[in-house]
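Some notes on the structure that comes next.
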Amino acid sequence: MKFFLEKSYNISIAKDKPASLIHFVTNQCNARCPHCFIDFNNEITQKDTMSLENIEKLTHKVGNQLMNVNLTGGEPFLNPQLEEICNLYLQNTSIDSLFFSTNGAMTNKIVKMAQNLYGQYPDVIYTFSISIDNLGLKHDDYRKVKNLYQKALQTYHLLKDISDNIQPNITITVCEENADDIEEIFNTLFFKEDIRSITANIVRDEGVYQLNPKSKNKISSAYTNLIKLITQNKAQYSGNNYLAKMMNEKEKIMYQYIQQIYTNPKYILPCNAGGGLMGVIYPNGDVYPCEVLNKKMGNLYDYDMDLLKIWSLNNDLRKSIKKTKCHCTYECAWSYNILSSPKHISQLALKGI
Ligand code: SF4
Ligand code: SF4
């Protein structure tokens with residue numbers, strides 16, 4: 001791991017600089033999932049994009065404590081400059097891993113890019129989280145993309161054969177529409193389609209999407225069922241690298257916590273989003289603590305793309321998130337809350353060795 005001391009100090013003691021960023025590289029998407037939080041009717045946000053020149057500036061100023069970037073959207077592979085954006089992060093920052101959240105439709109582009117990145121940076125760990133919420137035509141109809149199910153499966157299988165450091169997984173977001181079929185979905189993916197790495201997300205209120213409160217119990221039971229199946233069948237990250245081992249242990253802990261708080265929201269661990277260990281960058285340069293809390297930290301264009309400057313101006317927000325015991329089920333924040341928690345840090349470190 002590059003800059004091991006800086007990263008370890010930040011994640012375990014200081015907790016005041018970004019260890020992980022969720023970078024939305026576009027708001028556009030070829031799919032239209034009913035649970036999506038993006039307002040596709042907003043013509044302004046649909047056009048938002050950051051130039052490579054500005055992303056280059058951002059990457060030069062982000063600090064040697066940065067460990068991971070999650071490139072997301074919309075559908076990130078619709079950004080024609082995605083590979084260049086990856087290269088900027090890989091060349092100019094201290095990251096050891098890149099995470100892509102994708103619907104898996106653009107198989108050729110995804111696989112080609114994975115091969116290119118791995119060819120240039122073979123020590124980096126690349127996780128491709130490919131969404132599937134339902135089986136076959138049901139998935140295509142739900143996301144409104146022809147052949148999406150088959151393309152997502154093909155993307156997974158082609159990626160998994162490239163290298164141990166390329167770890168694709170299928171992410172199932174449990175929602176009202178698939179809750180009744182969750183067992184069949186898991187069994188088909190795992191046993192019939194030979195998908196060995198499956199992770200679970202749970203739907204939440206965000207952006208233009210509002211959850212039907214009456215469906216929460218049903219969704220929660222389906223999530224519990226899915227976690228049981230994932231655990232029993234060890235459907236986990238398959239890489240033999242330290243990150244896969246740590247992520248598998250972290251997922252187990254996170255699933256337990258999310259099951260506890262989905263229908264009965266409560267505080268469990270301090271959240272390190274917003275001026276702490278993680279934050280979200282939107283295509284228009286806005287920086288937020290997470291995708292849930294509506295408190296803008298600043299806009300990168302106002303600070304010459306200097307993210308650390310925005311971070312330093314948000315000490316009060318960081319403290320207030322902790323003081324108010326802010327809590328939610330946002331999985332990206334949970335990952336870093338668990339990784340940085342004194343309660344779990346040694347357990348995770350031991351798994352990673
Ligand atoms: S694939 Fe993702 S970004 Fe696209 S519509 Fe579905 S949830 Fe939204
Ligand atoms: S607890 Fe949730 S809503 Fe609050 S800051 Fe953390 S991620 Fe955001």
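Scheme for the structure tokens: letters A, B, ... for chains in order shown; per-chain residue numbers from 1; ligand numbers from 1 in order shown.
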Among the residues of range 113-157 of chain A, find those DSSP assigns to strand (DSSP E) from the backbone and print them as number ranges by chain.
-> A: 125-131
Next, dump the selected residues to file, keeping only C-alpha atoms, as a tab-separated table (two decimals), in the first residue's frame.
chain	number	residue	atom	x	y	z
A	125	ILE	CA	-7.55	-3.56	-7.18
A	126	TYR	CA	-10.53	-2.88	-9.44
A	127	THR	CA	-14.01	-3.70	-8.19
A	128	PHE	CA	-16.89	-3.68	-10.65
A	129	SER	CA	-20.23	-3.62	-8.89
A	130	ILE	CA	-22.76	-4.67	-11.55
A	131	SER	CA	-26.42	-4.18	-10.68
Which residues sit within 12 Å of ligand 1, counting only C-alpha atoms and all ligand atoms, listed as a PDB file with C-alpha atoms, in the first residue's frame?
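That gives us out.pdb:
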ATOM      1  CA  PHE A  24     -20.338  11.014 -10.060  1.00  0.00           C
ATOM      2  CA  VAL A  25     -18.819  11.324 -13.534  1.00  0.00           C
ATOM      3  CA  THR A  26     -22.204  11.818 -15.210  1.00  0.00           C
ATOM      4  CA  ASN A  27     -25.901  12.060 -14.361  1.00  0.00           C
ATOM      5  CA  GLN A  28     -26.872  10.391 -17.616  1.00  0.00           C
ATOM      6  CA  CYS A  29     -27.986   6.790 -17.804  1.00  0.00           C
ATOM      7  CA  ASN A  30     -29.202   4.404 -20.486  1.00  0.00           C
ATOM      8  CA  ALA A  31     -31.530   2.749 -17.938  1.00  0.00           C
ATOM      9  CA  ARG A  32     -34.605   4.039 -16.105  1.00  0.00           C
ATOM     10  CA  CYS A  33     -34.933   2.095 -12.856  1.00  0.00           C
ATOM     11  CA  PRO A  34     -38.010   2.986 -10.790  1.00  0.00           C
ATOM     12  CA  HIS A  35     -35.872   3.252  -7.623  1.00  0.00           C
ATOM     13  CA  CYS A  36     -33.364   5.688  -9.184  1.00  0.00           C
ATOM     14  CA  PHE A  37     -32.781   8.995  -7.396  1.00  0.00           C
ATOM     15  CA  ILE A  38     -31.669  10.929 -10.501  1.00  0.00           C
ATOM     16  CA  ASP A  39     -34.025  13.454 -12.062  1.00  0.00           C
ATOM     17  CA  PHE A  40     -33.666  12.587 -15.738  1.00  0.00           C
ATOM     18  CA  GLN A  46     -28.199  15.937 -17.345  1.00  0.00           C
ATOM     19  CA  LEU A  71     -16.669   6.167 -10.048  1.00  0.00           C
ATOM     20  CA  THR A  72     -20.404   6.250 -10.434  1.00  0.00           C
ATOM     21  CA  GLY A  73     -23.342   8.051 -12.011  1.00  0.00           C
ATOM     22  CA  GLY A  74     -25.794   7.706 -13.770  1.00  0.00           C
ATOM     23  CA  GLU A  75     -23.985   5.109 -15.785  1.00  0.00           C
ATOM     24  CA  PRO A  76     -20.269   6.005 -15.485  1.00  0.00           C
ATOM     25  CA  PHE A  77     -19.323   4.162 -18.684  1.00  0.00           C
ATOM     26  CA  LEU A  78     -21.413   6.663 -20.648  1.00  0.00           C
ATOM     27  CA  PHE A 100     -17.093   1.165 -10.475  1.00  0.00           C
ATOM     28  CA  SER A 101     -20.857   1.102  -9.999  1.00  0.00           C
ATOM     29  CA  THR A 102     -22.382   0.082 -13.319  1.00  0.00           C
ATOM     30  CA  ASN A 103     -25.462  -1.531 -14.813  1.00  0.00           C
ATOM     31  CA  GLY A 104     -23.098  -3.624 -16.953  1.00  0.00           C
ATOM     32  CA  ALA A 105     -24.735  -2.842 -20.303  1.00  0.00           C
ATOM     33  CA  MET A 106     -21.621  -1.653 -22.127  1.00  0.00           C
ATOM     34  CA  SER A 129     -20.230  -3.623  -8.894  1.00  0.00           C
ATOM     35  CA  ILE A 130     -22.758  -4.675 -11.546  1.00  0.00           C
ATOM     36  CA  SER A 131     -26.424  -4.182 -10.683  1.00  0.00           C
ATOM     37  CA  ILE A 132     -28.984  -6.909 -11.201  1.00  0.00           C
ATOM     38  CA  ASP A 133     -32.302  -6.677  -9.375  1.00  0.00           C
ATOM     39  CA  HIS A 139     -34.736  -7.194 -15.069  1.00  0.00           C
ATOM     40  CA  ASP A 140     -34.790  -5.730 -18.596  1.00  0.00           C
ATOM     41  CA  ASP A 141     -38.354  -4.459 -18.099  1.00  0.00           C
ATOM     42  CA  TYR A 142     -37.624  -3.056 -14.647  1.00  0.00           C
ATOM     43  CA  ARG A 143     -34.549  -1.138 -15.846  1.00  0.00           C
ATOM     44  CA  LYS A 144     -36.019  -0.507 -19.297  1.00  0.00           C
ATOM     45  CA  VAL A 145     -33.019  -1.724 -21.302  1.00  0.00           C
ATOM     46  CA  LEU A 148     -29.587  -5.861 -20.000  1.00  0.00           C
ATOM     47  CA  TYR A 149     -29.710  -9.036 -17.896  1.00  0.00           C
ATOM     48  CA  ALA A 152     -24.678  -7.722 -17.185  1.00  0.00           C
ATOM     49  CA  THR A 171     -25.122  -6.182  -6.516  1.00  0.00           C
ATOM     50  CA  ILE A 172     -28.778  -6.816  -5.793  1.00  0.00           C
ATOM     51  CA  THR A 173     -30.662  -3.781  -4.494  1.00  0.00           C
ATOM     52  CA  CYS A 175     -36.657  -3.085  -3.182  1.00  0.00           C
ATOM     53  CA  ASN A 201     -27.923  -3.188  -1.075  1.00  0.00           C
ATOM     54  CA  VAL A 203     -33.323   0.716  -1.234  1.00  0.00           C
ATOM     55  CA  ARG A 204     -33.583   4.082   0.573  1.00  0.00           C
ATOM     56  CA  GLU A 206     -32.898   9.606  -2.105  1.00  0.00           C
ATOM     57  CA  GLY A 207     -33.280  12.411  -4.657  1.00  0.00           C
ATOM     58  CA  VAL A 208     -36.540  12.028  -6.560  1.00  0.00           C
ATOM     59  CA  TYR A 209     -37.177   8.509  -5.182  1.00  0.00           C
TER      60      TYR A 209
END
Might you pull out every residue within 12 Å of Asn116 in chain A, with only C-alpha atoms counted and same-chain residues fewer than 3 positions away left off, and present them as a ChimeraX atom specification?
-> /A:83-84,86-87,109-113,119-122,126,162,166
Which of A:Gln154, A:Asn42, A:Thr231, A:Thr329 sits closest to Cys271 in chain A [using only C-alpha atoms] |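 With only C-alpha atoms as the atom set, the closest residue is A:Thr329.
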Residue with smallest distance to ligand 2 - pool A:Tyr288, A:Tyr223, A:Trp311, A:Phe3, counting only C-alpha atoms and all ligand atoms =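 Among A:Tyr288, A:Tyr223, A:Trp311, A:Phe3, it is A:Tyr288 that comes nearest to ligand 2.
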Could you give me, as a tab-separated table, a per-residue list for range 208-311 of chain A showing, wherever an atom lies at most 12 Å from an atom of range 331-345 of chain A, the closest pair of atoms and their distance in Å to one decimal, using only C-alpha atoms and sorting by chain then residue number from low to high?
residue	atom	partner	partner_atom	distance
A:Leu243	CA	A:Leu339	CA	11.5
A:Met246	CA	A:Leu339	CA	8.8
A:Met247	CA	A:Ser335	CA	8.4
A:Asn248	CA	A:Ser335	CA	10.9
A:Glu249	CA	A:His344	CA	9.7
A:Lys250	CA	A:Ser335	CA	6.8
A:Glu251	CA	A:Ser335	CA	7.8
A:Lys252	CA	A:Ile338	CA	10.6
A:Ile253	CA	A:Ile338	CA	7.8
A:Met254	CA	A:Trp334	CA	6.6
A:Tyr255	CA	A:Glu331	CA	9.3
A:Gln256	CA	A:Trp334	CA	11.3
A:Tyr257	CA	A:Trp334	CA	9.0
A:Ile258	CA	A:Glu331	CA	8.6
A:Gln259	CA	A:Glu331	CA	12.0
A:Tyr262	CA	A:Glu331	CA	11.8
A:Tyr267	CA	A:Trp334	CA	11.8
A:Ile268	CA	A:Asn337	CA	10.0
A:Leu269	CA	A:Asn337	CA	6.8
A:Pro270	CA	A:Asn337	CA	6.7
A:Cys271	CA	A:Asn337	CA	5.7
A:Asn272	CA	A:Asn337	CA	6.0
A:Ala273	CA	A:Ala333	CA	6.4
A:Gly274	CA	A:Ala333	CA	9.9
A:Gly276	CA	A:Tyr336	CA	9.9
A:Leu277	CA	A:Tyr336	CA	7.0
A:Met278	CA	A:Ala333	CA	7.2
A:Gly279	CA	A:Ala333	CA	8.7
A:Val280	CA	A:Cys332	CA	10.1
A:Pro289	CA	A:Ala333	CA	9.2
A:Cys290	CA	A:Ala333	CA	7.3
A:Glu291	CA	A:Cys332	CA	9.3
A:Val292	CA	A:Ala333	CA	10.1
A:Leu293	CA	A:Ala333	CA	11.5
Restricting it to C-alpha atoms, dump the selection as a PDB file, in the first residue's frame.
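Dumped to again_15.pdb:
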ATOM      1  CA  LEU A 243      -8.821  -5.788  -0.001  1.00  0.00           C
ATOM      2  CA  MET A 246     -11.176  -7.006   4.321  1.00  0.00           C
ATOM      3  CA  MET A 247     -14.242  -6.180   2.249  1.00  0.00           C
ATOM      4  CA  ASN A 248     -15.752  -9.599   2.916  1.00  0.00           C
ATOM      5  CA  GLU A 249     -15.324  -9.146   6.656  1.00  0.00           C
ATOM      6  CA  LYS A 250     -16.630  -5.582   6.491  1.00  0.00           C
ATOM      7  CA  GLU A 251     -19.714  -6.672   4.500  1.00  0.00           C
ATOM      8  CA  LYS A 252     -20.608  -9.231   7.182  1.00  0.00           C
ATOM      9  CA  ILE A 253     -20.510  -6.546   9.883  1.00  0.00           C
ATOM     10  CA  MET A 254     -22.353  -3.995   7.734  1.00  0.00           C
ATOM     11  CA  TYR A 255     -25.157  -6.428   6.849  1.00  0.00           C
ATOM     12  CA  GLN A 256     -25.778  -7.088  10.537  1.00  0.00           C
ATOM     13  CA  TYR A 257     -25.987  -3.384  11.328  1.00  0.00           C
ATOM     14  CA  ILE A 258     -28.221  -2.512   8.374  1.00  0.00           C
ATOM     15  CA  GLN A 259     -30.629  -5.304   9.254  1.00  0.00           C
ATOM     16  CA  TYR A 262     -33.631  -0.418   8.466  1.00  0.00           C
ATOM     17  CA  TYR A 267     -27.387   5.299  15.943  1.00  0.00           C
ATOM     18  CA  ILE A 268     -24.725   2.592  16.150  1.00  0.00           C
ATOM     19  CA  LEU A 269     -21.345   3.976  15.013  1.00  0.00           C
ATOM     20  CA  PRO A 270     -20.102   7.551  14.396  1.00  0.00           C
ATOM     21  CA  CYS A 271     -20.379   8.590  10.762  1.00  0.00           C
ATOM     22  CA  ASN A 272     -17.193   9.881   9.120  1.00  0.00           C
ATOM     23  CA  ALA A 273     -18.780  11.480   6.054  1.00  0.00           C
ATOM     24  CA  GLY A 274     -18.492  15.194   5.316  1.00  0.00           C
ATOM     25  CA  GLY A 276     -14.149  13.258   7.652  1.00  0.00           C
ATOM     26  CA  LEU A 277     -13.142  10.180   5.687  1.00  0.00           C
ATOM     27  CA  MET A 278     -15.474  10.358   2.741  1.00  0.00           C
ATOM     28  CA  GLY A 279     -17.473  12.649   0.537  1.00  0.00           C
ATOM     29  CA  VAL A 280     -19.352  12.858  -2.724  1.00  0.00           C
ATOM     30  CA  PRO A 289     -20.862  14.612   2.776  1.00  0.00           C
ATOM     31  CA  CYS A 290     -22.873  11.737   1.319  1.00  0.00           C
ATOM     32  CA  GLU A 291     -25.823  11.072  -0.986  1.00  0.00           C
ATOM     33  CA  VAL A 292     -28.326  11.455   1.849  1.00  0.00           C
ATOM     34  CA  LEU A 293     -27.597  14.560   3.941  1.00  0.00           C
TER      35      LEU A 293
END
In terms of the shortest atom-to-atom distance over only C-alpha atoms, which of A:Lys323, A:Asn294, A:Pro283, A:Ile95 is closest to Ile55 in chain A?
-> A:Pro283
List the neighbours of Asp180 in chain A out to 9 Å using only C-alpha atoms; skip same-chain residues closer than 2 positions along the sequence, and give me the result as a ChimeraX atom specification.
-> /A:176-178,182-184,218-219,222
Print the selection's residues with C-alpha atoms to a file, as a PDB file, in the first residue's frame.
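Saved to result.pdb:
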ATOM      1  CA  GLU A 176     -40.443  -3.410  -3.172  1.00  0.00           C
ATOM      2  CA  GLU A 177     -40.483  -4.837  -6.703  1.00  0.00           C
ATOM      3  CA  ASN A 178     -38.088  -7.772  -6.094  1.00  0.00           C
ATOM      4  CA  ILE A 182     -35.316 -12.613  -3.640  1.00  0.00           C
ATOM      5  CA  GLU A 183     -34.619 -16.304  -2.995  1.00  0.00           C
ATOM      6  CA  GLU A 184     -35.268 -17.284  -6.603  1.00  0.00           C
ATOM      7  CA  LYS A 218     -41.337  -6.634   3.410  1.00  0.00           C
ATOM      8  CA  ILE A 219     -38.082  -5.182   2.030  1.00  0.00           C
ATOM      9  CA  ALA A 222     -36.179  -9.961   1.941  1.00  0.00           C
TER      10      ALA A 222
END
Which polymer residues have any atom within 8 Å of an atom of Thr199 in chain A, counting only C-alpha atoms, with same-chain residues fewer than 6 positions away left out, as a list in words?
->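 In the requested format, the answer is Asn169, Ile170, Thr171, Ile172, Ile230, Ala235 and Gln236 of chain A.
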Pick out the closest residue to Lys47 in chain A from this set: A:Arg318, A:Lys7, A:Asn79, A:Gln65. Count only C-alpha atoms.
-> A:Asn79
